[in-house]
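The next block is upload-v1.cif, given as mmCIF, C-alpha atoms.
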data_start
loop_
_atom_site.label_atom_id
_atom_site.label_comp_id
_atom_site.auth_asym_id
_atom_site.auth_seq_id
_atom_site.Cartn_x
_atom_site.Cartn_y
_atom_site.Cartn_z
CA MET A 24 -26.76 -2.35 4.42
CA THR A 25 -30.37 -3.10 5.25
CA ASP A 26 -32.95 -3.42 2.53
CA HIS A 27 -35.83 -0.98 2.61
CA ALA A 28 -38.38 -2.61 0.38
CA HIS A 29 -40.46 0.54 0.04
CA SER A 30 -37.88 3.34 0.14
CA GLY A 31 -35.33 1.88 -2.30
CA PRO A 32 -31.61 1.57 -1.63
CA LEU A 33 -31.14 5.22 -0.53
CA GLN A 34 -30.75 5.54 3.24
CA HIS A 35 -32.51 8.55 4.78
CA HIS A 36 -29.30 10.17 6.09
CA PHE A 37 -27.81 10.66 2.60
CA ASP A 38 -28.79 13.37 0.11
CA ASP A 39 -28.58 11.10 -2.93
CA LEU A 40 -27.26 7.74 -4.12
CA HIS A 41 -23.96 9.24 -5.25
CA GLN A 42 -23.21 10.67 -1.80
CA GLN A 43 -24.15 7.32 -0.28
CA TYR A 44 -21.86 5.53 -2.76
CA GLU A 45 -18.91 7.85 -1.96
CA ALA A 46 -19.41 7.40 1.79
CA ALA A 47 -19.51 3.60 1.46
CA ASN A 48 -16.39 3.66 -0.73
CA MET A 49 -14.50 5.80 1.78
CA GLY A 50 -15.63 3.62 4.68
CA MET A 51 -14.36 0.53 2.87
CA TRP A 52 -10.97 2.16 2.24
CA ALA A 53 -10.75 3.12 5.94
CA PHE A 54 -11.34 -0.56 6.74
CA ILE A 55 -8.67 -1.57 4.21
CA ALA A 56 -6.22 0.91 5.80
CA GLN A 57 -6.85 -0.90 9.09
CA GLU A 58 -6.27 -4.24 7.33
CA ILE A 59 -2.95 -2.94 5.93
CA MET A 60 -1.83 -2.05 9.47
CA PHE A 61 -3.03 -5.44 10.77
CA PHE A 62 -1.07 -7.42 8.18
CA GLY A 63 1.71 -4.80 8.51
CA GLY A 64 2.46 -6.07 12.02
CA LEU A 65 3.01 -9.57 10.65
CA PHE A 66 5.12 -8.28 7.74
CA GLY A 67 7.16 -6.13 10.15
CA GLY A 68 7.76 -9.07 12.48
CA TYR A 69 8.75 -11.27 9.56
CA THR A 70 11.21 -8.63 8.31
CA VAL A 71 12.88 -8.27 11.72
CA TYR A 72 13.27 -12.02 12.27
CA ARG A 73 14.42 -12.64 8.71
CA TYR A 74 17.11 -10.03 9.35
CA LYS A 75 18.04 -11.65 12.68
CA TYR A 76 18.01 -15.31 11.56
CA LEU A 77 18.75 -14.92 7.86
CA SER A 78 20.24 -18.37 7.18
CA ALA A 79 17.32 -20.21 8.83
CA PHE A 80 14.79 -18.11 6.94
CA VAL A 81 16.59 -18.69 3.63
CA GLU A 82 16.61 -22.43 4.31
CA GLY A 83 12.93 -22.21 5.26
CA SER A 84 12.04 -20.47 2.00
CA ASN A 85 13.86 -23.20 0.08
CA SER A 86 11.77 -25.85 1.87
CA LEU A 87 8.48 -24.38 0.59
CA PRO A 88 7.00 -25.73 -2.69
CA ILE A 89 7.53 -22.87 -5.18
CA GLU A 90 5.25 -24.51 -7.80
CA LEU A 91 2.25 -24.52 -5.45
CA GLY A 92 2.97 -20.93 -4.38
CA ALA A 93 3.20 -19.82 -8.02
CA LEU A 94 0.04 -21.76 -8.92
CA ASN A 95 -1.87 -20.07 -6.10
CA THR A 96 -0.55 -16.65 -7.18
CA ALA A 97 -1.93 -17.28 -10.67
CA VAL A 98 -5.26 -18.55 -9.26
CA LEU A 99 -5.66 -15.44 -7.09
CA ILE A 100 -4.78 -13.06 -9.93
CA ALA A 101 -7.36 -14.82 -12.12
CA SER A 102 -9.91 -14.46 -9.29
CA SER A 103 -9.16 -10.73 -9.08
CA PHE A 104 -9.91 -10.51 -12.81
CA THR A 105 -13.25 -12.35 -12.46
CA MET A 106 -14.06 -10.11 -9.48
CA ALA A 107 -13.30 -6.96 -11.50
CA MET A 108 -15.58 -8.30 -14.25
CA ALA A 109 -18.31 -8.98 -11.64
CA VAL A 110 -18.12 -5.35 -10.45
CA ARG A 111 -18.18 -4.19 -14.08
CA CYS A 112 -21.42 -6.16 -14.66
CA ALA A 113 -22.85 -4.70 -11.43
CA GLN A 114 -22.07 -1.17 -12.70
CA GLN A 115 -24.16 -1.96 -15.79
CA GLY A 116 -26.97 -3.64 -13.84
CA LEU A 117 -26.37 -7.04 -15.48
CA ALA A 118 -27.47 -9.26 -12.58
CA GLN A 119 -27.13 -12.63 -14.37
CA ALA A 120 -23.61 -11.92 -15.62
CA LEU A 121 -22.67 -10.52 -12.20
CA LEU A 122 -23.80 -13.77 -10.59
CA ARG A 123 -21.76 -15.87 -13.03
CA TRP A 124 -18.55 -13.85 -12.55
CA LEU A 125 -19.02 -13.96 -8.76
CA LEU A 126 -19.47 -17.75 -8.84
CA GLY A 127 -16.29 -17.95 -10.93
CA THR A 128 -14.50 -15.84 -8.33
CA MET A 129 -15.75 -18.12 -5.57
CA ALA A 130 -14.60 -21.25 -7.46
CA LEU A 131 -11.09 -19.79 -7.87
CA GLY A 132 -11.05 -18.81 -4.18
CA LEU A 133 -11.92 -22.39 -3.24
CA ILE A 134 -9.17 -23.76 -5.55
CA PHE A 135 -6.69 -21.49 -3.72
CA LEU A 136 -7.87 -22.82 -0.34
CA GLY A 137 -7.67 -26.41 -1.66
CA VAL A 138 -4.03 -25.94 -2.66
CA LYS A 139 -3.38 -24.44 0.80
CA VAL A 140 -4.89 -27.58 2.40
CA VAL A 141 -2.46 -29.72 0.36
CA GLU A 142 0.48 -27.57 1.53
CA TYR A 143 -0.60 -27.56 5.19
CA SER A 144 -1.19 -31.34 5.32
CA HIS A 145 2.25 -31.89 3.78
CA LYS A 146 3.76 -29.71 6.54
CA TYR A 147 1.76 -31.60 9.16
CA HIS A 148 3.00 -35.00 7.97
CA HIS A 149 6.59 -33.75 7.98
CA GLY A 150 6.37 -32.46 11.56
CA LEU A 151 6.72 -28.81 10.59
CA ILE A 152 3.86 -27.43 12.70
CA PRO A 153 5.52 -25.23 15.39
CA GLY A 154 4.94 -26.78 18.78
CA SER A 155 6.19 -29.68 20.91
CA ALA A 156 5.95 -32.08 17.93
CA PHE A 157 8.11 -29.82 15.73
CA ASP A 158 10.65 -32.11 14.11
CA TYR A 159 13.04 -30.37 11.75
CA HIS A 160 16.08 -32.09 10.30
CA GLY A 161 18.21 -29.67 8.34
CA GLN A 162 21.24 -27.43 8.53
CA ALA A 163 19.51 -24.60 10.36
CA ASP A 164 18.89 -24.35 14.09
CA PRO A 165 15.48 -26.00 14.82
CA GLY A 166 14.51 -23.17 17.17
CA GLN A 167 15.09 -20.54 14.47
CA MET A 168 13.28 -22.72 11.94
CA LYS A 169 10.35 -22.91 14.34
CA ILE A 170 10.17 -19.11 14.20
CA PHE A 171 10.18 -19.21 10.38
CA TYR A 172 7.32 -21.72 10.34
CA SER A 173 5.43 -19.75 13.00
CA PHE A 174 5.50 -16.75 10.66
CA TYR A 175 4.63 -18.96 7.68
CA PHE A 176 1.51 -20.32 9.40
CA ALA A 177 0.48 -17.03 11.03
CA MET A 178 0.77 -15.08 7.76
CA THR A 179 -0.66 -17.63 5.31
CA GLY A 180 -3.25 -18.74 7.90
CA MET A 181 -4.46 -15.17 8.47
CA HIS A 182 -4.56 -14.71 4.71
CA ALA A 183 -6.51 -17.98 4.25
CA LEU A 184 -8.94 -16.86 6.99
CA HIS A 185 -9.59 -13.71 4.95
CA MET A 186 -10.25 -15.89 1.89
CA ILE A 187 -12.72 -18.03 3.87
CA ILE A 188 -14.50 -14.86 5.08
CA GLY A 189 -14.52 -13.68 1.44
CA VAL A 190 -16.21 -16.90 0.29
CA GLY A 191 -18.72 -16.49 3.15
CA LEU A 192 -19.48 -12.92 2.03
CA MET A 193 -20.09 -14.18 -1.53
CA ILE A 194 -22.55 -16.78 -0.18
CA TRP A 195 -24.29 -13.86 1.60
CA LEU A 196 -24.35 -11.74 -1.58
CA ILE A 197 -25.70 -14.41 -3.98
CA PRO A 198 -29.35 -14.45 -2.73
CA LYS A 199 -29.31 -10.64 -2.75
CA ILE A 200 -28.22 -10.66 -6.41
CA ARG A 201 -30.94 -13.23 -7.20
CA ARG A 202 -33.55 -11.01 -5.52
CA GLY A 203 -32.51 -8.11 -7.75
CA THR A 204 -31.22 -5.95 -4.88
CA PHE A 205 -28.46 -4.45 -7.01
CA THR A 206 -28.96 -2.10 -9.94
CA SER A 207 -26.66 0.12 -12.01
CA GLU A 208 -27.50 2.86 -9.47
CA TYR A 209 -26.96 0.81 -6.31
CA PHE A 210 -24.18 -1.78 -6.16
CA SER A 211 -21.93 -0.60 -3.29
CA PRO A 212 -21.93 -3.99 -1.51
CA ILE A 213 -20.58 -5.64 -4.69
CA GLU A 214 -18.04 -2.86 -5.30
CA ASN A 215 -16.86 -2.92 -1.67
CA PHE A 216 -16.65 -6.70 -1.59
CA GLY A 217 -14.52 -6.39 -4.72
CA LEU A 218 -12.19 -3.99 -2.88
CA TYR A 219 -11.88 -6.53 -0.05
CA TRP A 220 -11.15 -9.39 -2.47
CA HIS A 221 -8.51 -7.39 -4.36
CA PHE A 222 -6.89 -6.40 -1.05
CA VAL A 223 -6.60 -10.08 -0.07
CA ASP A 224 -5.00 -10.66 -3.49
CA ILE A 225 -2.47 -7.87 -2.76
CA VAL A 226 -1.52 -9.50 0.56
CA TRP A 227 -0.71 -12.71 -1.31
CA ILE A 228 1.23 -10.76 -3.97
CA PHE A 229 3.64 -9.84 -1.11
CA LEU A 230 3.48 -13.14 0.80
CA PHE A 231 4.53 -15.14 -2.27
CA PRO A 232 7.95 -13.48 -2.84
CA LEU A 233 8.65 -13.00 0.90
CA LEU A 234 7.96 -16.62 1.88
CA TYR A 235 8.66 -18.63 -1.29
CA LEU A 236 10.99 -16.67 -3.56
CA ILE A 237 13.65 -14.56 -1.85
CA GLY A 238 16.83 -16.35 -0.90
CA ARG A 239 15.98 -19.34 -3.08
CA GLU A 240 18.88 -21.52 -4.22
CA PRO A 241 19.40 -20.43 -7.87
CA TRP A 242 19.66 -22.97 -10.68
CA ILE A 243 21.46 -20.66 -13.09
CA SER A 244 24.41 -18.48 -12.16
CA LEU A 245 25.47 -15.68 -14.42
CA MET B 11 -16.22 3.41 -24.83
CA ASP B 12 -16.83 6.78 -23.21
CA GLN B 13 -13.96 7.55 -20.84
CA SER B 14 -15.37 10.77 -19.37
CA VAL B 15 -16.61 10.80 -15.79
CA THR B 16 -19.39 13.07 -14.63
CA PRO B 17 -19.83 13.38 -10.87
CA HIS B 18 -22.89 11.11 -10.84
CA GLU B 19 -21.65 8.44 -13.20
CA HIS B 20 -19.47 5.47 -12.36
CA HIS B 21 -16.46 4.90 -14.54
CA ILE B 22 -16.86 1.63 -16.43
CA MET B 23 -13.53 0.28 -17.66
CA PRO B 24 -13.49 -1.54 -21.01
CA VAL B 25 -13.07 -5.34 -20.90
CA LYS B 26 -9.89 -4.99 -22.99
CA ALA B 27 -8.34 -2.86 -20.23
CA TYR B 28 -9.06 -5.54 -17.61
CA LEU B 29 -7.61 -8.20 -19.93
CA ALA B 30 -4.48 -6.08 -20.35
CA VAL B 31 -4.19 -5.67 -16.56
CA VAL B 32 -4.59 -9.38 -15.82
CA SER B 33 -2.12 -10.33 -18.61
CA CYS B 34 0.40 -7.88 -17.17
CA LEU B 35 -0.02 -9.46 -13.71
CA PHE B 36 0.48 -12.99 -15.12
CA VAL B 37 3.59 -11.93 -17.07
CA PHE B 38 5.21 -10.31 -14.02
CA THR B 39 4.37 -13.36 -11.88
CA ALA B 40 6.23 -15.51 -14.44
CA ILE B 41 9.16 -13.04 -14.49
CA THR B 42 9.49 -13.00 -10.69
CA VAL B 43 9.43 -16.84 -10.50
CA LEU B 44 12.04 -17.19 -13.26
CA ALA B 45 14.23 -14.47 -11.70
CA ALA B 46 14.25 -16.43 -8.42
CA PHE B 47 16.07 -19.27 -10.21
CA ILE B 48 18.78 -17.05 -11.69
CA ASP B 49 21.66 -15.95 -9.47
CA LEU B 50 21.62 -12.15 -9.65
CA GLY B 51 23.55 -11.64 -6.43
CA TRP B 52 22.18 -8.91 -4.17
CA ILE B 53 19.66 -7.89 -6.87
CA ASN B 54 17.40 -10.97 -6.38
CA THR B 55 15.56 -9.75 -3.28
CA PRO B 56 15.04 -6.08 -4.31
CA LEU B 57 13.88 -7.28 -7.76
CA ALA B 58 11.29 -9.68 -6.27
CA LEU B 59 10.00 -6.91 -3.96
CA THR B 60 9.94 -4.28 -6.73
CA ILE B 61 7.87 -6.61 -8.93
CA ALA B 62 5.49 -7.26 -5.99
CA ILE B 63 5.08 -3.49 -5.39
CA PHE B 64 4.46 -2.95 -9.12
CA LYS B 65 1.83 -5.74 -9.24
CA ALA B 66 0.10 -4.38 -6.12
CA THR B 67 0.07 -0.86 -7.62
CA VAL B 68 -1.56 -2.16 -10.82
CA VAL B 69 -4.24 -3.96 -8.76
CA VAL B 70 -4.92 -0.83 -6.66
CA LEU B 71 -5.08 1.57 -9.63
CA PHE B 72 -7.19 -0.49 -12.03
CA PHE B 73 -8.95 -3.42 -10.31
CA MET B 74 -9.72 -1.24 -7.27
CA HIS B 75 -10.52 1.78 -9.48
CA VAL B 76 -8.36 4.21 -7.46
CA ARG B 77 -7.06 5.65 -10.77
CA TYR B 78 -10.61 6.97 -11.40
CA ASN B 79 -11.41 8.08 -7.84
CA SER B 80 -11.50 11.64 -6.45
CA PRO B 81 -8.30 13.23 -5.01
CA LEU B 82 -9.78 12.81 -1.54
CA MET B 83 -10.04 9.06 -2.10
CA TRP B 84 -6.43 8.99 -3.33
CA VAL B 85 -5.40 10.33 0.11
CA VAL B 86 -7.66 7.92 2.00
CA SER B 87 -6.50 4.85 0.05
CA GLY B 88 -2.86 5.93 0.18
CA SER B 89 -2.85 6.57 3.94
CA GLY B 90 -2.77 2.90 4.93
CA PHE B 91 0.24 2.20 2.70
CA PHE B 92 1.96 5.37 3.97
CA PHE B 93 1.65 4.31 7.62
CA LEU B 94 2.82 0.80 6.72
CA LEU B 95 5.96 2.41 5.25
CA ILE B 96 6.54 4.28 8.54
CA LEU B 97 6.05 1.08 10.54
CA LEU B 98 8.52 -0.93 8.46
CA SER B 99 11.18 1.76 7.95
CA LEU B 100 11.33 2.97 11.57
CA THR B 101 11.36 -0.61 12.88
CA MET B 102 14.16 -1.65 10.56
CA GLN B 103 16.29 1.48 11.02
CA ASP B 104 16.30 0.59 14.71
CA TYR B 105 17.25 -3.07 14.18
CA VAL B 106 19.92 -2.55 11.51
CA SER B 107 21.62 0.14 13.60
CA ARG B 108 22.04 -2.21 16.58
CA GLY B 109 24.39 -4.67 14.93
CA TRP B 110 26.50 -4.92 18.12
CA GLU B 111 23.66 -6.64 19.96
CA ALA B 112 23.75 -10.40 19.57
CA SER B 113 20.56 -12.14 18.48
CA PRO B 114 18.87 -13.72 21.49
CA PRO B 115 19.36 -17.47 21.70
CA VAL B 116 16.37 -19.58 20.68
CA ALA B 117 15.25 -22.64 22.59
CA GLY B 118 15.26 -25.68 20.31
#

Could you take the file, read its structure, and then write that structure out as structure tokens?
Amino acid sequence: MTDHAHSGPLQHHFDDLHQQYEAANMGMWAFIAQEIMFFGGLFGGYTVYRYKYLSAFVEGSNSLPIELGALNTAVLIASSFTMAMAVRCAQQGLAQALLRWLLGTMALGLIFLGVKVVEYSHKYHHGLIPGSAFDYHGQADPGQMKIFYSFYFAMTGMHALHMIIGVGLMIWLIPKIRRGTFTSEYFSPIENFGLYWHFVDIVWIFLFPLLYLIGREPWISL
Amino acid sequence: MDQSVTPHEHHIMPVKAYLAVVSCLFVFTAITVLAAFIDLGWINTPLALTIAIFKATVVVLFFMHVRYNSPLMWVVSGSGFFFLLILLSLTMQDYVSRGWEASPPVAG
């Protein structure tokens, strides 16, 4: 998305801004379809191994801090709301409000990553990083538990990497917003970044129940 | 707020609609956490996954504006989820139908 200072946001190979907008939207969804398949491999692997080593995976889920997982779910949902508001401001050409909502989104994204750092360092200090120093003391077979934690780190780590890239993209967008690049007629980069951010939220919406919730030891039996 | 969409206008959702969407997502997050602490037998896992699918659908339809996109975009945005379904269902139908094979031992 290069800026053409003299020709405006319309690229020469499109008839009009609407056609350009539709093409960018479709391209972004094609990218998201690829992202679904990428994360799908991890989700598929997790499903197979959870089926194979159910008791270890259930014990693994019980060892994860549900309150931090729930907190991060709430933080990400709130960040999806601020992102939707940012896109809404972009649609109306309100650059200042767009900037504020985007900064709010970035702050929530950083809170999410901060909570993840707390969780990861806790795992590190308890010897739960899969590898030669893996040191699990529980009912389940340590080898099977190593597979659970491998999936935990691969899935949440890949998700966190997407969050970090998202924050980086926001840092890239901010000077463009300041320069007045986006108007009510041209805001595809904001809209498409929003699609990316919401997709990352959706991944977490599935990671949270799969890793933290299912198979949890209930407190109340009916 | 004008809800009509002409081909060259972008649909702008009212703030109230976004607030309703985000409240709905918070409520269902609370429900799924609470449900995890209640013993519902075999229902626990399908319930948690159903709530996750519902929350994801709400995000896709409203936050990602798919509800207001053209039919062509419905197909494009649905295709990724469709192929994910194929990946998961064909993989699992293979694994669950091979119950006679022992799980491979894992090195501790």

List the residues matched by the PyMOL selection byres ((chain A) within 8 of (chain B)) in the displayed structure as a compact mmCIF listing (two decimals) with C-alpha atoms, keeping the file's coordinate frame, ordered by chain and then by residue number.
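Below you can see part_21.txt, which holds the result:
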# COMPACT_ATOMS: atom_id res chain seq x y z
CA HIS A 41 -23.96 9.24 -5.25
CA MET A 49 -14.50 5.80 1.78
CA TRP A 52 -10.97 2.16 2.24
CA ALA A 53 -10.75 3.12 5.94
CA ILE A 55 -8.67 -1.57 4.21
CA ALA A 56 -6.22 0.91 5.80
CA GLN A 57 -6.85 -0.90 9.09
CA ILE A 59 -2.95 -2.94 5.93
CA MET A 60 -1.83 -2.05 9.47
CA GLY A 63 1.71 -4.80 8.51
CA GLY A 67 7.16 -6.13 10.15
CA THR A 70 11.21 -8.63 8.31
CA VAL A 71 12.88 -8.27 11.72
CA LYS A 75 18.04 -11.65 12.68
CA ALA A 93 3.20 -19.82 -8.02
CA THR A 96 -0.55 -16.65 -7.18
CA ALA A 97 -1.93 -17.28 -10.67
CA ILE A 100 -4.78 -13.06 -9.93
CA ALA A 101 -7.36 -14.82 -12.12
CA SER A 103 -9.16 -10.73 -9.08
CA PHE A 104 -9.91 -10.51 -12.81
CA ALA A 107 -13.30 -6.96 -11.50
CA MET A 108 -15.58 -8.30 -14.25
CA ARG A 111 -18.18 -4.19 -14.08
CA GLN A 114 -22.07 -1.17 -12.70
CA ASP A 164 18.89 -24.35 14.09
CA PRO A 165 15.48 -26.00 14.82
CA GLY A 166 14.51 -23.17 17.17
CA GLN A 167 15.09 -20.54 14.47
CA GLY A 217 -14.52 -6.39 -4.72
CA LEU A 218 -12.19 -3.99 -2.88
CA HIS A 221 -8.51 -7.39 -4.36
CA ILE A 225 -2.47 -7.87 -2.76
CA ILE A 228 1.23 -10.76 -3.97
CA PHE A 229 3.64 -9.84 -1.11
CA PRO A 232 7.95 -13.48 -2.84
CA LEU A 233 8.65 -13.00 0.90
CA LEU A 236 10.99 -16.67 -3.56
CA ILE A 237 13.65 -14.56 -1.85
CA GLY A 238 16.83 -16.35 -0.90
CA ARG A 239 15.98 -19.34 -3.08
CA GLU A 240 18.88 -21.52 -4.22
CA PRO A 241 19.40 -20.43 -7.87
CA TRP A 242 19.66 -22.97 -10.68
CA ILE A 243 21.46 -20.66 -13.09
CA SER A 244 24.41 -18.48 -12.16
CA LEU A 245 25.47 -15.68 -14.42

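Computed from the coordinates, the atom CA of A:Pro88 to atom CA of A:Met129 distance equals 24.2 Å.
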
For this session: Name the residues in contact with A:Tyr147 at a cut-off of 12 Å, using all atoms listed in the file, excluding same-chain residues fewer than 2 positions from it; report them as a PyMOL selection string.
Result: chain A and resi 140-145+149-154+156-159+172+176

Problem set entry | atom CA of B:Leu71 to atom CA of B:Ala27, straight-line distance in Å |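 The value is 11.9 Å.
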
Problem set entry | Between atom CA of A:Asn48 and atom CA of B:Val76 - distance in Å to one decimal |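 According to the coordinates, atom CA of B:Val76 and atom CA of A:Asn48 are separated by 10.5 Å.
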
Around stretch 60-76 of chain A, with edges along x, y and z and 8 Å added on all six sides, what centre and edge lengths do you get, in Å to one decimal, as AutoDock Vina command-line options?
--center_x 7.5 --center_y -8.7 --center_z 10.2 --size_x 37.1 --size_y 29.3 --size_z 20.9

Problem set entry | Polymer residues at most 6 Å from stretch 77-83 of chain A, all atoms listed in the file, same-chain spacing of 6 or more positions, as a PyMOL selection string | chain A and resi 163+168+171+238

Problem set entry | Hits of the PyMOL selection byres ((chain A and resi 200-210) around 6) in this structure, as a list in words | Gln114, Gln115, Gly116, Ile197, Pro198, Lys199, Ser211, Pro212 and Ile213 of chain A
